[in-house]
Amino acid sequence: MEPSDESPSDSAEEVYGRIADILVALADVGSGDYSVRIESTFPESHPLGALCAGINEMIASLGDEQERGEKYRKELEEKLATIERQREAIRELSTPIMEVWDKILCLPIVGVIDSLRSAEMTEALLRAVVSSGARAVIIDITGIEVMDTRTADHFVRMAKAVGLLGAECVLTGINPQIAQTIVHMGIDMAGVRTHRSLRDALYHFVRPKRTRLQRLEG
Amino acid sequence: MNLVHITDRSDVLVAQQVAKRIAHSVGFDRSACAELMIVASELASNILKYGQRGVLRAEPVDDAERGVGIRIVAEDEGPPFKSFETALRDGFDDEGPVQATAFVTRRGTASGLGAVSRLSDELRMLPLEKGKAVVATRYVTPAGRRRSIRS
Ligand SMILES: Nc1ncnc2c1ncn2[C@@H]1O[C@H](COP(=O)(O)OP(=O)(O)OP(=O)(O)O)[C@@H](O)[C@H]1O
Ligand SMILES: [Mg+2]
């Protein structure tokens, strides 16, 4: 059967032309463009036509795969970012320093205190005292369930360090066991003020001061 | 899961929770559970500080003599202890006493392992093919001494 006018011939020129098309398309794919398709003038029954169709199919599925991979990577990145944010939150929660009154900081300590956390707390607290120009700090240890004997010592040292920075430091919520340990271990409490409760300490700092006049009159 | 890979500060808190769960399931009281959380926490934070990478594991034990308890295992791939005995002392690293001026920069008072040994019944260190394991064991039946300040 004679090839019709539209039907391409098997001439070397025609074949080379297709192969050049294929090479160009593959180069595009190589550089990340998955939208290219080879336009074949050969029918699929022809080996070259079939090759072109096959390559087009391959490019399409590569494109899909790429898209899926990209989506997956994005999801993964988002999840990692979430984990990082949560870690950040956890780190912050371990030293919740609040300014409860003008220039009065409060550090309520809750839960498990280990050496890492007490070191972090000291660091964060001293930094906060300086940056906020605090005049007083209340460290409330009511919420501590248990602590190693060395940690009691650590709290007293932390209070003294705050004092050295020029802020008054008050320890509140010392329970009988901790009080006993402090005495037994011979920890020097000189210069460390204590109040029975956070409430008492707050009252001490924020109650209206008597004016000079009142004092003179009184 | 009774195993935590320690790669971040927050993993130390996960380790605490694992220890608490196992301790509670074995029958430790509330205070003892909190003490065992300190043990897990100290071992986990040491992995973070010195072990490069490692895992913390908690598992129930049942000893013929001592009865039930918990074993907290910290395995890491970091360098070995120069002297484990020395490291156990408060204010000592694994070589000797830590200078007071160093406490600020080294973030810690070198009393972590001291606390671990106070709060457990047995504390051992085993060299591994790669790295080492620190193993703390504690039994529910009281060893008859006061371990920490309890509120
Ligand atoms: N997993 C470990 N691998 C290698 N060396 C360790 C490991 N854990 C502890 N050490 C060594 O033992 C010493 C004592 O450990 P310990 O936990 O008592 O103190 P610290 O971690 O230095 O300070 P702290 O625990 O009070 O924050 C450390 O200074 C370190 O030299
Ligand atoms: Mg430590």
# chains A, B, ... in the order shown; residues from 1 in each chain; ligands from 1
>>> residues_near_ligand(ligand="ligand 1", cutoff="8 Å", atoms="only C-alpha atoms and all ligand atoms", output="PyMOL selection string")
(chain A and resi 114-116+119) or (chain B and resi 42-43+45-51+74-76+78-82+84+86-95+106-115+132+134)
>>> residues_around(residues="Ser31 (chain B)", least_positions_apart="3", cutoff="10 Å", atoms="only C-alpha atoms", output="PyMOL selection string")
(chain A and resi 145-147) or (chain B and resi 28+34-37+148-151)
>>> write_last_selection(atoms="N, CA and C atoms", output="PDB file, in the first residue's frame")
ATOM      1  N   GLU A 145       6.578  18.380  93.515  1.00  0.00           N
ATOM      2  CA  GLU A 145       6.157  17.136  94.142  1.00  0.00           C
ATOM      3  C   GLU A 145       7.296  16.545  94.971  1.00  0.00           C
ATOM      4  N   VAL A 146       8.391  16.283  94.320  1.00  0.00           N
ATOM      5  CA  VAL A 146       9.572  15.833  95.061  1.00  0.00           C
ATOM      6  C   VAL A 146      10.776  16.502  94.431  1.00  0.00           C
ATOM      7  N   MET A 147      11.818  16.636  95.234  1.00  0.00           N
ATOM      8  CA  MET A 147      13.071  17.047  94.609  1.00  0.00           C
ATOM      9  C   MET A 147      14.235  16.415  95.326  1.00  0.00           C
TER      10      MET A 147
ATOM     11  N   PHE B  28       4.553   1.609  92.226  1.00  0.00           N
ATOM     12  CA  PHE B  28       5.196   2.644  93.040  1.00  0.00           C
ATOM     13  C   PHE B  28       4.170   3.705  93.436  1.00  0.00           C
ATOM     14  N   ALA B  34       7.381  10.143  91.076  1.00  0.00           N
ATOM     15  CA  ALA B  34       8.000  11.434  90.765  1.00  0.00           C
ATOM     16  C   ALA B  34       9.520  11.343  90.899  1.00  0.00           C
ATOM     17  N   GLU B  35       9.983  10.574  91.882  1.00  0.00           N
ATOM     18  CA  GLU B  35      11.433  10.402  92.036  1.00  0.00           C
ATOM     19  C   GLU B  35      12.021   9.655  90.843  1.00  0.00           C
ATOM     20  N   LEU B  36      11.268   8.660  90.357  1.00  0.00           N
ATOM     21  CA  LEU B  36      11.759   7.899  89.206  1.00  0.00           C
ATOM     22  C   LEU B  36      11.740   8.754  87.938  1.00  0.00           C
ATOM     23  N   MET B  37      10.850   9.746  87.925  1.00  0.00           N
ATOM     24  CA  MET B  37      10.863  10.690  86.799  1.00  0.00           C
ATOM     25  C   MET B  37      12.151  11.511  86.830  1.00  0.00           C
ATOM     26  N   SER B 148      14.498  11.519  99.099  1.00  0.00           N
ATOM     27  CA  SER B 148      14.403  12.900  98.625  1.00  0.00           C
ATOM     28  C   SER B 148      13.443  13.652  99.519  1.00  0.00           C
ATOM     29  N   ILE B 149      13.253  14.902  99.189  1.00  0.00           N
ATOM     30  CA  ILE B 149      12.302  15.716  99.926  1.00  0.00           C
ATOM     31  C   ILE B 149      10.940  15.482  99.286  1.00  0.00           C
ATOM     32  N   ARG B 150      10.013  14.999 100.046  1.00  0.00           N
ATOM     33  CA  ARG B 150       8.689  14.743  99.475  1.00  0.00           C
ATOM     34  C   ARG B 150       7.691  15.711 100.045  1.00  0.00           C
ATOM     35  N   SER B 151       6.828  16.185  99.189  1.00  0.00           N
ATOM     36  CA  SER B 151       5.802  17.081  99.735  1.00  0.00           C
ATOM     37  C   SER B 151       4.484  16.355  99.862  1.00  0.00           C
TER      38      SER B 151
END
>>> interface_residues(of="chain A", to="chain B", cutoff="10 Å", atoms="only C-alpha atoms", output="ChimeraX atom specification")
/A:84,86-91,94,111-120,122-123,142-152,154,174-181
>>> residues_around(residues="Gly133 (chain A)", least_positions_apart="2", cutoff="12 Å", atoms="only C-alpha atoms", output="list in words")
Glu99, Asp102, Lys103, Ile104, Leu105, Leu125, Leu126, Arg127, Ala128, Val129, Val130, Ser131, Arg135, Ala136, Val137, Val162, Leu165, Gly166, Ala167 and Glu168 of chain A
>>> select_by_dssp(residues="region 17-117 of chain A", states="helix (DSSP H, G or I)", output="PyMOL selection string")
chain A and resi 17-30+47-93+115-117
>>> residues_around(residues="region 19-24 of chain A", least_positions_apart="2", cutoff="12 Å", atoms="only C-alpha atoms", output="number ranges by chain")
A: 12-17, 26-31, 33, 36-41, 48-49, 51-56, 59
>>> select_by_dssp(residues="region 15-148 of chain B", states="strand (DSSP E or B)", output="number ranges by chain")
B: 54-63, 67-76, 92, 97, 122-127, 132-139
>>> closest_residue(among="B:Ala133, B:Ile22, B:Ala44, B:Met125", to="ligand 2", atoms="only C-alpha atoms and all ligand atoms")
B:Ala44
>>> atom_distance(atom1="CA of Ile70 (chain B)", atom2="CA of Tyr139 (chain B)")
6.4 Å
>>> atom_distance(atom1="CA of Leu198 (chain A)", atom2="CA of Gly173 (chain A)")
6.9 Å
>>> residues_around(residues="Met189 (chain A)", least_positions_apart="2", cutoff="12 Å", atoms="only C-alpha atoms", output="short mmCIF file (atom, residue, chain, number, x, y, z; two decimals) with C-alpha atoms, in the first residue's frame")
data_model
loop_
_atom_site.label_atom_id
_atom_site.label_comp_id
_atom_site.auth_asym_id
_atom_site.auth_seq_id
_atom_site.Cartn_x
_atom_site.Cartn_y
_atom_site.Cartn_z
CA ALA A 152 16.89 22.57 97.62
CA ASP A 153 20.38 23.96 97.82
CA HIS A 154 20.09 25.08 94.23
CA PHE A 155 16.97 27.13 94.90
CA VAL A 156 18.59 28.99 97.72
CA ARG A 157 21.58 29.76 95.50
CA MET A 158 19.26 30.95 92.77
CA ALA A 159 17.58 33.30 95.24
CA LYS A 160 20.95 34.67 96.31
CA CYS A 169 14.00 37.50 96.00
CA VAL A 170 11.37 35.69 97.98
CA LEU A 171 10.88 31.95 98.25
CA ALA A 179 12.38 23.22 105.53
CA ILE A 182 17.43 23.04 104.47
CA VAL A 183 18.23 22.91 108.16
CA MET A 185 21.97 20.23 105.09
CA GLY A 186 23.08 23.37 106.83
CA ILE A 187 22.12 25.52 103.88
CA GLY A 191 19.59 37.10 102.89
CA VAL A 192 16.85 34.90 101.50
CA ARG A 193 13.41 36.06 102.50
CA THR A 194 10.59 33.54 102.65
#
